[in-house]
Amino acid sequence: DTGVSQDPRHKITKRGQNVTFRCDPISEHNRLYWYRQTLGQGPEFLTYFQNEAQLEKSRLLSDRFSAERPKGSFSTLEIQRTEQGDSAMYLCASSPDQGLTGGETQYFGPGTRLLVL
Amino acid sequence: GNSVTQMEGPVTLSEEAFLTINCTYTATGYPSLFWYVQYPGEGLQLLLKATKADDKGSNKGFEATYRKETTSFHLEKGSVQVSDSAVYFCALSPHSSGNTPLVFGKGTRLSVIA
């Protein structure tokens, strides 16, 4: 088990371009989360999946952001028409199913650092 | 709503000094509480956690006790090392709604000097 992986690790793009990031969770984990972290701040939740079902997407920052997990394994996060304010670290995490009492540990990937010029 | 407040940094300590990083939370229901650490150039790693009141999480000499009466989860270490230099994040995961994304504090940067 190699942990959560993300690709690419760094992305530089020009304003107005579309970008897509990939996350591969720990293989037996059913839950997958996306967060965004800006400089000097803690991670901010964006969306998450239980297998292929997207359980919460109201926190996606705008309709330019979308995420998929079509086969319940890897996930992609797409940002359309990027803006300079989208520059941040995008983090993916995975966890086993949450029991009734919650508290399952989320394991984070190394992140994708996006710079929009 | 759910929120986490942690002491602002940076915190600079000499090696072998005692460390406390304060964390308080606001939550509906009974959250689980976590400390994550981010070493330079690395991703977030779980340091410790506690899932109910009065539980104590511990790892690598760090400890934190879930205090429901003061809604706190302060991180402590008796003797810090240079290798503990990192950013520390307090976080909570709500139970009641079944919707359990983590809510993070802003992080506290710790620098330990020899």
# chains A, B, ... in the order shown; residues from 1 in each chain; ligands from 1
>>> interface_residues(of="chain B", to="chain A", cutoff="12 Å", atoms="only C-alpha atoms", output="number ranges by chain")
B: 3-6, 8-10, 29-52, 87-109
>>> select_by_dssp(residues="range 7-57 of chain B", states="strand (DSSP E or B)", output="list in words")
Val11, Thr12, Leu13, Ser14, Leu19, Thr20, Ile21, Cys23, Thr24, Tyr25, Thr26, Ser32, Leu33, Phe34, Trp35, Tyr36, Val37, Gln38, Leu44, Gln45, Leu46, Leu47, Leu48, Lys49, Ala50, Lys56 and Gly57 of chain B
>>> residues_around(residues="Leu75 in chain B", least_positions_apart="6", cutoff="6 Å", atoms="only C-alpha atoms", output="list of chain:residue names")
B:Thr20, B:Ile21, B:Glu63, B:Ala64
>>> residues_around(residues="range 17-25 of chain A", least_positions_apart="6", cutoff="8 Å", atoms="only C-alpha atoms", output="list of chain:residue names")
A:Gly3, A:Val4, A:Ser5, A:Gln6, A:Asp7, A:Pro8, A:Leu32, A:Ser73, A:Phe74, A:Ser75, A:Thr76, A:Leu77, A:Glu78, A:Ile79, A:Gln80, A:Arg81, A:Thr82, A:Cys92, A:Ala93, A:Ser94, A:Gly109, A:Thr112
>>> write_last_selection(atoms="N, CA, C and O atoms", output="PDB file, in the first residue's frame")
ATOM      1  N   GLY A   3      -0.245   4.446  -0.104  1.00  0.00           N
ATOM      2  CA  GLY A   3      -0.904   5.639   0.374  1.00  0.00           C
ATOM      3  C   GLY A   3      -1.682   6.333  -0.723  1.00  0.00           C
ATOM      4  O   GLY A   3      -1.815   5.832  -1.845  1.00  0.00           O
ATOM      5  N   VAL A   4      -2.153   7.523  -0.412  1.00  0.00           N
ATOM      6  CA  VAL A   4      -2.906   8.323  -1.355  1.00  0.00           C
ATOM      7  C   VAL A   4      -1.936   9.018  -2.304  1.00  0.00           C
ATOM      8  O   VAL A   4      -0.961   9.623  -1.855  1.00  0.00           O
ATOM      9  N   SER A   5      -2.204   8.916  -3.592  1.00  0.00           N
ATOM     10  CA  SER A   5      -1.339   9.594  -4.556  1.00  0.00           C
ATOM     11  C   SER A   5      -2.142  10.618  -5.344  1.00  0.00           C
ATOM     12  O   SER A   5      -3.355  10.454  -5.557  1.00  0.00           O
ATOM     13  N   GLN A   6      -1.457  11.672  -5.767  1.00  0.00           N
ATOM     14  CA  GLN A   6      -2.092  12.735  -6.541  1.00  0.00           C
ATOM     15  C   GLN A   6      -1.205  13.099  -7.714  1.00  0.00           C
ATOM     16  O   GLN A   6       0.020  13.086  -7.604  1.00  0.00           O
ATOM     17  N   ASP A   7      -1.860  13.452  -8.801  1.00  0.00           N
ATOM     18  CA  ASP A   7      -1.128  13.795 -10.008  1.00  0.00           C
ATOM     19  C   ASP A   7      -1.860  14.904 -10.765  1.00  0.00           C
ATOM     20  O   ASP A   7      -3.096  14.842 -10.877  1.00  0.00           O
ATOM     21  N   PRO A   8      -1.153  15.943 -11.245  1.00  0.00           N
ATOM     22  CA  PRO A   8       0.273  16.172 -11.046  1.00  0.00           C
ATOM     23  C   PRO A   8       0.564  16.727  -9.656  1.00  0.00           C
ATOM     24  O   PRO A   8      -0.350  17.053  -8.917  1.00  0.00           O
ATOM     25  N   LEU A  32     -13.680   9.283  -0.250  1.00  0.00           N
ATOM     26  CA  LEU A  32     -12.642  10.105  -0.861  1.00  0.00           C
ATOM     27  C   LEU A  32     -13.062  11.564  -0.736  1.00  0.00           C
ATOM     28  O   LEU A  32     -14.212  11.906  -1.032  1.00  0.00           O
ATOM     29  N   SER A  73     -13.167   4.319  -7.673  1.00  0.00           N
ATOM     30  CA  SER A  73     -11.755   4.156  -7.314  1.00  0.00           C
ATOM     31  C   SER A  73     -11.085   5.522  -7.340  1.00  0.00           C
ATOM     32  O   SER A  73     -11.251   6.291  -6.398  1.00  0.00           O
ATOM     33  N   PHE A  74     -10.406   5.879  -8.437  1.00  0.00           N
ATOM     34  CA  PHE A  74      -9.765   7.193  -8.489  1.00  0.00           C
ATOM     35  C   PHE A  74     -10.815   8.289  -8.685  1.00  0.00           C
ATOM     36  O   PHE A  74     -11.963   8.027  -9.071  1.00  0.00           O
ATOM     37  N   SER A  75     -10.400   9.513  -8.431  1.00  0.00           N
ATOM     38  CA  SER A  75     -11.286  10.658  -8.606  1.00  0.00           C
ATOM     39  C   SER A  75     -10.544  11.747  -9.375  1.00  0.00           C
ATOM     40  O   SER A  75      -9.309  11.814  -9.351  1.00  0.00           O
ATOM     41  N   THR A  76     -11.310  12.595 -10.050  1.00  0.00           N
ATOM     42  CA  THR A  76     -10.749  13.769 -10.708  1.00  0.00           C
ATOM     43  C   THR A  76     -11.465  15.020 -10.218  1.00  0.00           C
ATOM     44  O   THR A  76     -12.677  14.990  -9.938  1.00  0.00           O
ATOM     45  N   LEU A  77     -10.715  16.084 -10.107  1.00  0.00           N
ATOM     46  CA  LEU A  77     -11.246  17.407  -9.791  1.00  0.00           C
ATOM     47  C   LEU A  77     -10.910  18.314 -10.962  1.00  0.00           C
ATOM     48  O   LEU A  77      -9.734  18.425 -11.348  1.00  0.00           O
ATOM     49  N   GLU A  78     -11.913  18.929 -11.552  1.00  0.00           N
ATOM     50  CA  GLU A  78     -11.695  19.804 -12.696  1.00  0.00           C
ATOM     51  C   GLU A  78     -12.065  21.230 -12.322  1.00  0.00           C
ATOM     52  O   GLU A  78     -13.077  21.467 -11.649  1.00  0.00           O
ATOM     53  N   ILE A  79     -11.249  22.152 -12.761  1.00  0.00           N
ATOM     54  CA  ILE A  79     -11.542  23.574 -12.637  1.00  0.00           C
ATOM     55  C   ILE A  79     -11.577  24.140 -14.045  1.00  0.00           C
ATOM     56  O   ILE A  79     -10.596  24.061 -14.787  1.00  0.00           O
ATOM     57  N   GLN A  80     -12.707  24.692 -14.415  1.00  0.00           N
ATOM     58  CA  GLN A  80     -12.842  25.301 -15.733  1.00  0.00           C
ATOM     59  C   GLN A  80     -12.585  26.804 -15.630  1.00  0.00           C
ATOM     60  O   GLN A  80     -12.844  27.425 -14.593  1.00  0.00           O
ATOM     61  N   ARG A  81     -12.077  27.358 -16.726  1.00  0.00           N
ATOM     62  CA  ARG A  81     -11.872  28.816 -16.825  1.00  0.00           C
ATOM     63  C   ARG A  81     -11.165  29.336 -15.570  1.00  0.00           C
ATOM     64  O   ARG A  81     -11.669  30.192 -14.839  1.00  0.00           O
ATOM     65  N   THR A  82      -9.989  28.819 -15.321  1.00  0.00           N
ATOM     66  CA  THR A  82      -9.281  29.137 -14.089  1.00  0.00           C
ATOM     67  C   THR A  82      -9.085  30.640 -13.913  1.00  0.00           C
ATOM     68  O   THR A  82      -8.939  31.397 -14.888  1.00  0.00           O
ATOM     69  N   CYS A  92      -6.236  15.727  -1.565  1.00  0.00           N
ATOM     70  CA  CYS A  92      -7.155  14.600  -1.604  1.00  0.00           C
ATOM     71  C   CYS A  92      -6.901  13.748  -0.365  1.00  0.00           C
ATOM     72  O   CYS A  92      -5.754  13.619   0.090  1.00  0.00           O
ATOM     73  N   ALA A  93      -7.956  13.190   0.188  1.00  0.00           N
ATOM     74  CA  ALA A  93      -7.826  12.298   1.335  1.00  0.00           C
ATOM     75  C   ALA A  93      -8.779  11.129   1.151  1.00  0.00           C
ATOM     76  O   ALA A  93      -9.787  11.235   0.459  1.00  0.00           O
ATOM     77  N   SER A  94      -8.459  10.005   1.782  1.00  0.00           N
ATOM     78  CA  SER A  94      -9.379   8.872   1.752  1.00  0.00           C
ATOM     79  C   SER A  94      -9.502   8.269   3.140  1.00  0.00           C
ATOM     80  O   SER A  94      -8.621   8.461   4.000  1.00  0.00           O
ATOM     81  N   GLY A 109      -3.112  12.772   0.649  1.00  0.00           N
ATOM     82  CA  GLY A 109      -2.083  12.727  -0.366  1.00  0.00           C
ATOM     83  C   GLY A 109      -1.176  13.937  -0.273  1.00  0.00           C
ATOM     84  O   GLY A 109      -1.408  14.834   0.549  1.00  0.00           O
ATOM     85  N   THR A 112      -1.755  18.711  -4.947  1.00  0.00           N
ATOM     86  CA  THR A 112      -1.392  19.313  -6.241  1.00  0.00           C
ATOM     87  C   THR A 112      -1.366  20.824  -6.053  1.00  0.00           C
ATOM     88  O   THR A 112      -2.381  21.409  -5.669  1.00  0.00           O
TER      89      THR A 112
END
>>> atom_distance(atom1="CA of Gly78 in chain B", atom2="CA of Ser58 in chain B")
12.1 Å
>>> atom_distance(atom1="CA of Ser87 in chain A", atom2="CA of Leu115 in chain A")
4.7 Å
>>> atom_distance(atom1="CA of Ser95 in chain A", atom2="CA of Ala53 in chain B")
22.6 Å
>>> residues_around(residues="Val112 in chain B", least_positions_apart="2", cutoff="10 Å", atoms="only C-alpha atoms", output="compact mmCIF listing (two decimals) with C-alpha atoms, in the first residue's frame")
# COMPACT_ATOMS: atom_id res chain seq x y z
CA VAL B 11 5.83 29.49 18.00
CA THR B 12 9.58 29.33 18.52
CA LEU B 13 11.03 27.12 21.24
CA SER B 14 14.41 25.87 22.27
CA GLU B 15 15.10 22.15 22.13
CA GLU B 16 13.76 20.28 25.19
CA ALA B 17 11.26 23.01 26.03
CA VAL B 80 10.41 19.18 21.87
CA GLN B 81 13.11 18.32 19.34
CA VAL B 82 14.34 20.15 16.27
CA SER B 83 12.62 17.45 14.19
CA ASP B 84 9.23 18.56 15.59
CA SER B 85 9.44 21.77 13.56
CA ALA B 86 6.31 21.72 11.43
CA LEU B 110 6.35 25.52 15.35
CA ALA B 114 18.95 23.77 18.90
>>> residues_around(residues="Arg15 in chain A", least_positions_apart="5", cutoff="6 Å", atoms="only C-alpha atoms", output="mmCIF file with N, CA, C and O atoms, in the first residue's frame")
data_model
loop_
_atom_site.group_PDB
_atom_site.id
_atom_site.type_symbol
_atom_site.label_atom_id
_atom_site.label_comp_id
_atom_site.auth_asym_id
_atom_site.auth_seq_id
_atom_site.Cartn_x
_atom_site.Cartn_y
_atom_site.Cartn_z
ATOM 1 N N THR A 82 -9.989 28.819 -15.321
ATOM 2 C CA THR A 82 -9.281 29.137 -14.089
ATOM 3 C C THR A 82 -9.085 30.640 -13.913
ATOM 4 O O THR A 82 -8.939 31.397 -14.888
ATOM 5 N N GLU A 83 -9.066 31.030 -12.642
ATOM 6 C CA GLU A 83 -8.829 32.416 -12.256
ATOM 7 C C GLU A 83 -7.621 32.447 -11.313
ATOM 8 O O GLU A 83 -7.274 31.436 -10.700
ATOM 9 N N VAL A 116 -2.050 29.829 -11.078
ATOM 10 C CA VAL A 116 -2.724 30.403 -12.239
ATOM 11 C C VAL A 116 -2.118 31.771 -12.529
ATOM 12 O O VAL A 116 -2.137 32.658 -11.664
ATOM 13 N N LEU A 117 -1.552 31.902 -13.718
ATOM 14 C CA LEU A 117 -0.877 33.156 -14.077
ATOM 15 C C LEU A 117 -1.834 34.123 -14.776
ATOM 16 O O LEU A 117 -2.817 33.695 -15.377
#
